[in-house]
file coords06.txt (compact mmCIF, C-alpha atoms and all ligand atoms)
# COMPACT_ATOMS: atom_id res chain seq x y z
CA MET A 1 -16.92 0.03 8.83
CA SER A 2 -17.55 0.61 5.13
CA THR A 3 -14.63 1.95 3.17
CA ASN A 4 -14.55 4.88 0.84
CA VAL A 5 -11.06 5.30 -0.55
CA HIS A 6 -11.65 8.98 -1.16
CA THR A 7 -12.19 9.93 2.46
CA VAL A 8 -9.35 10.74 4.84
CA LEU A 9 -9.87 11.23 8.56
CA VAL A 10 -7.46 13.90 9.83
CA LEU A 11 -6.93 13.62 13.59
CA GLU A 12 -4.78 16.57 14.62
CA ASP A 13 -5.28 18.91 17.57
CA GLU A 14 -3.33 21.86 16.13
CA ALA A 15 -6.13 23.66 14.33
CA ASP A 16 -3.92 25.46 11.78
CA LEU A 17 -2.16 22.28 10.75
CA ARG A 18 -5.44 20.36 10.64
CA PHE A 19 -6.94 23.01 8.38
CA LEU A 20 -3.89 22.97 6.11
CA LEU A 21 -3.96 19.17 5.86
CA ALA A 22 -7.67 19.17 5.06
CA GLN A 23 -7.20 21.88 2.42
CA ASN A 24 -4.39 19.97 0.73
CA LEU A 25 -6.33 16.72 0.78
CA LYS A 26 -9.34 18.45 -0.78
CA GLN A 27 -7.09 19.92 -3.47
CA GLN A 28 -5.99 16.36 -4.25
CA GLY A 29 -9.63 15.38 -4.71
CA TYR A 30 -10.20 13.62 -1.39
CA ARG A 31 -12.88 14.21 1.16
CA ALA A 32 -11.36 15.24 4.49
CA LEU A 33 -13.03 14.65 7.84
CA GLU A 34 -11.50 16.72 10.61
CA ALA A 35 -11.11 15.69 14.24
CA GLY A 36 -9.29 17.66 16.93
CA SER A 37 -9.47 14.98 19.61
CA VAL A 38 -9.70 11.22 20.05
CA ALA A 39 -13.38 11.64 20.93
CA GLU A 40 -14.07 13.54 17.70
CA ALA A 41 -12.16 10.91 15.71
CA ARG A 42 -14.26 8.13 17.24
CA ALA A 43 -17.41 10.04 16.31
CA ALA A 44 -16.23 10.47 12.71
CA LEU A 45 -15.09 6.89 12.23
CA GLY A 46 -18.44 5.47 11.26
CA ASP A 47 -18.43 7.56 8.13
CA GLY A 48 -16.70 5.31 5.56
CA VAL A 49 -13.08 6.34 5.97
CA GLY A 50 -10.40 5.12 3.54
CA LEU A 51 -7.34 6.44 5.35
CA LEU A 52 -6.50 7.53 8.88
CA LEU A 53 -4.05 10.41 9.27
CA PHE A 54 -3.30 10.48 13.00
CA ASP A 55 -1.33 12.82 15.19
CA VAL A 56 0.05 11.05 18.27
CA MET A 57 -0.17 13.50 21.20
CA LEU A 58 -3.77 14.59 21.63
CA PRO A 59 -5.56 16.44 24.42
CA ASP A 60 -7.70 13.45 25.39
CA GLY A 61 -5.46 10.56 24.42
CA ASP A 62 -2.94 9.15 22.03
CA GLY A 63 -3.14 8.29 18.32
CA PHE A 64 -1.14 5.07 18.81
CA GLU A 65 -3.58 3.86 21.46
CA LEU A 66 -6.56 4.72 19.30
CA LEU A 67 -5.16 2.76 16.35
CA ARG A 68 -4.24 -0.19 18.57
CA GLU A 69 -7.83 -0.25 19.76
CA LEU A 70 -9.25 0.02 16.22
CA ARG A 71 -7.01 -2.78 14.94
CA ALA A 72 -8.12 -4.96 17.87
CA GLN A 73 -11.70 -4.37 16.72
CA GLY A 74 -10.78 -5.57 13.23
CA CYS A 75 -10.42 -2.18 11.51
CA LEU A 76 -8.09 -2.59 8.49
CA THR A 77 -8.17 1.02 7.29
CA PRO A 78 -4.61 2.12 6.44
CA ALA A 79 -3.11 4.58 8.91
CA VAL A 80 -0.38 7.21 8.63
CA PHE A 81 1.03 8.77 11.80
CA LEU A 82 1.97 12.38 11.84
CA THR A 83 3.97 13.41 14.82
CA ALA A 84 6.66 15.64 16.25
CA LYS A 85 8.32 12.63 17.82
CA SER A 86 11.11 11.35 15.64
CA ASP A 87 12.99 8.98 17.88
CA GLU A 88 13.18 5.35 16.91
CA PRO A 89 11.16 3.72 19.75
CA ASP A 90 8.12 5.82 18.86
CA ARG A 91 8.53 5.13 15.19
CA LEU A 92 8.64 1.40 15.91
CA LEU A 93 5.61 1.69 18.20
CA GLY A 94 3.75 3.35 15.32
CA PHE A 95 4.31 0.31 13.13
CA ALA A 96 3.76 -2.10 16.02
CA VAL A 97 0.23 -0.80 16.60
CA GLY A 98 -0.57 -1.29 12.92
CA GLY A 99 0.45 1.99 11.28
CA ASP A 100 1.27 1.84 7.56
CA ASP A 101 3.48 4.90 7.38
CA TYR A 102 4.99 7.50 9.67
CA VAL A 103 5.74 11.13 8.88
CA THR A 104 7.76 13.34 11.21
CA LYS A 105 6.91 17.01 11.69
CA PRO A 106 8.00 19.28 10.17
CA PHE A 107 7.22 17.53 6.91
CA SER A 108 6.84 18.47 3.28
CA MET A 109 3.15 18.68 2.35
CA ALA A 110 3.95 17.44 -1.17
CA GLU A 111 5.70 14.38 0.22
CA LEU A 112 2.86 13.64 2.61
CA MET A 113 0.29 13.95 -0.20
CA ALA A 114 2.38 11.55 -2.30
CA ARG A 115 2.42 9.02 0.55
CA VAL A 116 -1.30 9.37 1.12
CA GLY A 117 -1.92 8.93 -2.61
CA ALA A 118 0.30 5.83 -2.77
CA ILE A 119 -1.53 4.19 0.14
CA LEU A 120 -4.99 5.03 -1.18
CA ARG A 121 -4.17 3.77 -4.67
CA ARG A 122 -2.85 0.53 -3.22
CA GLY A 123 -6.27 -0.07 -1.66
CA PRO A 124 -7.06 -2.58 1.03
CA LEU A 125 -4.81 -5.61 1.05
CA VAL A 126 -7.09 -8.52 0.46
CA GLN A 127 -5.48 -11.28 -1.50
CA GLU A 128 -3.04 -13.31 0.59
CA THR A 129 -2.80 -16.39 -1.57
CA TYR A 130 -3.63 -17.34 -5.11
CA ARG A 131 -4.06 -20.77 -6.60
CA GLY A 132 -3.46 -21.06 -10.33
CA LYS A 133 -3.08 -23.99 -12.72
CA GLY A 134 -0.14 -25.97 -11.38
CA PHE A 135 0.99 -23.42 -8.81
CA ARG A 136 0.06 -21.53 -5.68
CA VAL A 137 1.46 -18.18 -4.50
CA ASP A 138 1.58 -16.99 -0.91
CA PHE A 139 1.84 -13.21 -1.08
CA THR A 140 2.45 -12.87 2.66
CA ARG A 141 5.48 -15.19 2.61
CA TYR A 142 6.66 -14.31 -0.93
CA THR A 143 6.70 -17.95 -1.96
CA LEU A 144 5.59 -19.84 -5.01
CA HIS A 145 4.61 -23.49 -4.68
CA LYS A 146 4.80 -25.78 -7.70
CA GLY A 147 3.97 -29.35 -6.75
CA ASP A 148 6.22 -30.03 -3.77
CA GLN A 149 8.75 -27.42 -4.88
CA GLU A 150 8.88 -24.10 -3.01
CA VAL A 151 10.38 -21.13 -4.88
CA ALA A 152 11.27 -17.91 -3.07
CA LEU A 153 10.07 -14.65 -4.61
CA THR A 154 11.50 -11.25 -3.82
CA TYR A 155 9.11 -8.78 -2.22
CA LEU A 156 8.79 -6.85 -5.49
CA GLU A 157 8.24 -10.00 -7.56
CA SER A 158 5.50 -11.02 -5.16
CA GLU A 159 3.85 -7.58 -5.22
CA LEU A 160 4.13 -7.37 -9.01
CA LEU A 161 2.52 -10.79 -9.39
CA ARG A 162 -0.19 -9.88 -6.90
CA TYR A 163 -0.98 -6.69 -8.80
CA LEU A 164 -1.30 -8.56 -12.09
CA VAL A 165 -3.25 -11.47 -10.55
CA GLU A 166 -5.76 -9.04 -9.04
CA ARG A 167 -6.31 -7.69 -12.56
CA ALA A 168 -6.26 -11.05 -14.34
CA GLY A 169 -7.07 -10.76 -18.04
CA GLN A 170 -6.43 -7.00 -18.14
CA ALA A 171 -3.44 -5.45 -19.90
CA VAL A 172 -1.55 -3.35 -17.35
CA ASP A 173 0.67 -0.51 -18.47
CA ARG A 174 4.35 -0.53 -17.39
CA LEU A 175 4.05 2.96 -15.91
CA GLU A 176 1.04 1.90 -13.86
CA LEU A 177 3.08 -1.03 -12.55
CA LEU A 178 5.94 1.30 -11.64
CA ASN A 179 3.63 3.69 -9.84
CA GLN A 180 1.56 1.09 -8.07
CA VAL A 181 4.07 -1.62 -7.27
CA TRP A 182 7.34 0.27 -6.90
CA GLY A 183 5.64 3.33 -5.47
CA TYR A 184 6.34 6.92 -4.80
CA ASP A 185 9.78 6.66 -3.21
CA ARG A 186 11.62 4.65 -5.85
CA TYR A 187 12.40 5.83 -9.34
CA PRO A 188 13.26 2.86 -11.49
CA THR A 189 12.80 2.78 -15.24
CA THR A 190 10.24 0.75 -17.15
CA ARG A 191 13.10 -1.64 -17.99
CA THR A 192 13.01 -2.60 -14.29
CA VAL A 193 9.49 -3.90 -14.81
CA ASP A 194 10.64 -6.03 -17.76
CA THR A 195 13.51 -7.49 -15.74
CA HIS A 196 11.20 -8.44 -12.90
CA VAL A 197 8.69 -9.99 -15.30
CA LEU A 198 11.50 -12.06 -16.87
CA ASN A 199 12.59 -13.26 -13.42
CA LEU A 200 9.01 -14.08 -12.48
CA ARG A 201 8.55 -16.07 -15.70
CA ARG A 202 11.67 -18.12 -14.91
CA LYS A 203 10.16 -18.99 -11.55
CA LEU A 204 6.53 -19.40 -12.57
CA GLU A 205 6.26 -20.55 -16.15
CA PRO A 206 6.76 -24.21 -17.18
CA ASP A 207 8.48 -22.82 -20.31
CA PRO A 208 9.68 -19.25 -19.61
CA LYS A 209 10.35 -18.59 -23.32
CA HIS A 210 6.74 -19.36 -24.15
CA PRO A 211 4.84 -17.93 -21.19
CA THR A 212 1.24 -18.92 -20.62
CA HIS A 213 0.52 -16.86 -17.49
CA LEU A 214 2.55 -13.65 -17.71
CA LEU A 215 1.91 -12.41 -21.21
CA THR A 216 3.44 -9.45 -23.00
CA VAL A 217 0.88 -7.03 -24.42
CA HIS A 218 2.76 -5.22 -27.17
CA GLY A 219 2.76 -1.45 -26.88
CA VAL A 220 1.22 -1.62 -23.41
CA GLY A 221 2.76 -3.87 -20.83
CA TYR A 222 1.72 -7.18 -19.33
CA LYS A 223 -1.24 -9.21 -18.38
CA PHE A 224 -1.78 -12.21 -16.18
CA VAL A 225 -3.81 -15.10 -17.54
CA GLU A 226 -5.03 -17.87 -15.25
CA CA A 301 -0.71 17.00 18.90
call {"tool": "encode", "arguments": {"input": "coords06.txt", "output": "structure tokens"}}
result
Amino acid sequence: MSTNVHTVLVLEDEADLRFLLAQNLKQQGYRALEAGSVAEARAALGDGVGLLLFDVMLPDGDGFELLRELRAQGCLTPAVFLTAKSDEPDRLLGFAVGGDDYVTKPFSMAELMARVGAILRRGPLVQETYRGKGFRVDFTRYTLHKGDQEVALTYLESELLRYLVERAGQAVDRLELLNQVWGYDRYPTTRTVDTHVLNLRRKLEPDPKHPTHLLTVHGVGYKFVE
């Protein structure tokens, strides 16, 4: 399946809600493919979808089952479940089958659009490890390896480092880091970014006062140098 981050597949059998979702997505600049059943969703899936927005209870099946099947086939497209069920077992099942987020009806359209935007901006997760000069990072285990020393990173330190590593050599603005790494549901200040960079330097840099990997770009933010 090719990916096009601007296309969202809306699988929802309530026609009014499906229409409203598609309208809102289009207003946000995305392309929306509409499916009212599992069969229609399957038919639409070949069409370069960047995000799956799935209802759970459908006339010919179940959104959880469909995602479970897609994941088993190797589909990595991020998925958000949209459902009237709010009890914990279903929520956990949503994540267990490979869902990235879960929104309970009734929901705020603005909040849903923010979540969709955050997931699409994040893009497909690709880089699991990175090997630099004198160190290796495992972004799935949040660990930094320097020689035979293993240093634990916090989740945010790991994600911040990953974001900068994926843009090595580019200056990245503090606000971009806040939006992309901290995300839509946290509201820290840009000082938070500085604190995390300082902590990362202490863990990563041979001489944290004279960093060679995590550089300050005055008036902008930071950049990672290999
Ligand atoms: Ca339904």
call {"tool": "closest_residue", "arguments": {"input": "coords06.txt", "among": "A:His145, A:Leu93, A:Asp13, A:Gly98", "to": "Cys75 (chain A)", "atoms": "only C-alpha atoms"}}
result
A:Gly98
call {"tool": "residues_around", "arguments": {"input": "coords06.txt", "residues": "Val116 (chain A)", "least_positions_apart": "4", "cutoff": "9 Å", "atoms": "only C-alpha atoms", "output": "ChimeraX atom specification"}}
result
/A:8,25,51,53,80,111-112,120-121
call {"tool": "residues_near_ligand", "arguments": {"input": "coords06.txt", "ligand": "ligand CA 301 (chain A)", "cutoff": "7 Å", "atoms": "only C-alpha atoms and all ligand atoms", "output": "VMD selection string"}}
result
chain A and resid 12 to 14 55 to 58
call {"tool": "residues_around", "arguments": {"input": "coords06.txt", "residues": "Ala96 (chain A)", "least_positions_apart": "5", "cutoff": "12 Å", "atoms": "all atoms listed in the file", "output": "PyMOL selection string"}}
result
chain A and resi 64-65+67-68+71+79+81+89-91+101-102
call {"tool": "closest_residue", "arguments": {"input": "coords06.txt", "among": "A:Glu69, A:Asp138, A:Asp173, A:Glu40", "to": "Gly219 (chain A)", "atoms": "only C-alpha atoms"}}
result
A:Asp173
call {"tool": "residues_around", "arguments": {"input": "coords06.txt", "residues": "Leu9 (chain A)", "least_positions_apart": "5", "cutoff": "8 Å", "atoms": "all atoms listed in the file", "output": "ChimeraX atom specification"}}
result
/A:32-35,41,44-45,49-54
call {"tool": "decode", "arguments": {"input": "coords06.txt", "residues": "region 208-224 of chain A", "atoms": "N, CA, C and O atoms", "output": "tab-separated table (two decimals), in the first residue's frame"}}
result
chain	number	residue	atom	x	y	z
A	208	PRO	N	29.17	17.94	27.83
A	208	PRO	CA	27.86	18.60	27.67
A	208	PRO	C	27.95	20.13	27.52
A	208	PRO	O	27.06	20.74	26.93
A	209	LYS	N	29.01	20.74	28.08
A	209	LYS	CA	29.13	22.20	27.98
A	209	LYS	C	29.57	22.63	26.58
A	209	LYS	O	29.39	23.78	26.19
A	210	HIS	N	30.19	21.72	25.87
A	210	HIS	CA	30.63	22.01	24.51
A	210	HIS	C	30.08	20.94	23.58
A	210	HIS	O	30.83	20.08	23.10
A	211	PRO	N	28.76	20.98	23.35
A	211	PRO	CA	28.12	19.91	22.58
A	211	PRO	C	28.61	19.83	21.14
A	211	PRO	O	28.91	20.85	20.52
A	212	THR	N	28.70	18.61	20.65
A	212	THR	CA	29.10	18.41	19.26
A	212	THR	C	27.98	17.76	18.43
A	212	THR	O	28.08	17.66	17.22
A	213	HIS	N	26.94	17.28	19.11
A	213	HIS	CA	25.82	16.65	18.39
A	213	HIS	C	24.55	17.48	18.44
A	213	HIS	O	23.87	17.66	17.44
A	214	LEU	N	24.21	17.96	19.64
A	214	LEU	CA	22.97	18.73	19.81
A	214	LEU	C	23.34	20.21	19.92
A	214	LEU	O	23.64	20.70	21.00
A	215	LEU	N	23.31	20.87	18.79
A	215	LEU	CA	23.79	22.25	18.74
A	215	LEU	C	22.65	23.26	18.87
A	215	LEU	O	21.55	23.03	18.38
A	216	THR	N	22.95	24.36	19.53
A	216	THR	CA	22.00	25.47	19.61
A	216	THR	C	22.12	26.30	18.34
A	216	THR	O	23.23	26.60	17.90
A	217	VAL	N	20.97	26.62	17.74
A	217	VAL	CA	20.98	27.51	16.58
A	217	VAL	C	20.32	28.81	17.07
A	217	VAL	O	19.11	28.83	17.31
A	218	HIS	N	21.13	29.84	17.29
A	218	HIS	CA	20.63	31.04	17.94
A	218	HIS	C	19.48	31.67	17.16
A	218	HIS	O	19.51	31.75	15.94
A	219	GLY	N	18.45	32.04	17.91
A	219	GLY	CA	17.28	32.67	17.30
A	219	GLY	C	16.33	31.67	16.66
A	219	GLY	O	15.26	32.05	16.17
A	220	VAL	N	16.70	30.39	16.64
A	220	VAL	CA	15.82	29.39	16.03
A	220	VAL	C	15.52	28.27	17.02
A	220	VAL	O	14.42	28.21	17.61
A	221	GLY	N	16.47	27.43	17.25
A	221	GLY	CA	16.23	26.29	18.11
A	221	GLY	C	17.45	25.39	18.17
A	221	GLY	O	18.50	25.83	18.63
A	222	TYR	N	17.31	24.18	17.66
A	222	TYR	CA	18.40	23.21	17.76
A	222	TYR	C	18.59	22.45	16.47
A	222	TYR	O	17.68	22.36	15.66
A	223	LYS	N	19.79	21.91	16.34
A	223	LYS	CA	19.98	20.96	15.27
A	223	LYS	C	20.90	19.83	15.71
A	223	LYS	O	21.77	20.01	16.56
A	224	PHE	N	20.64	18.67	15.13
A	224	PHE	CA	21.46	17.51	15.40
A	224	PHE	C	22.52	17.40	14.33
A	224	PHE	O	22.24	17.55	13.14
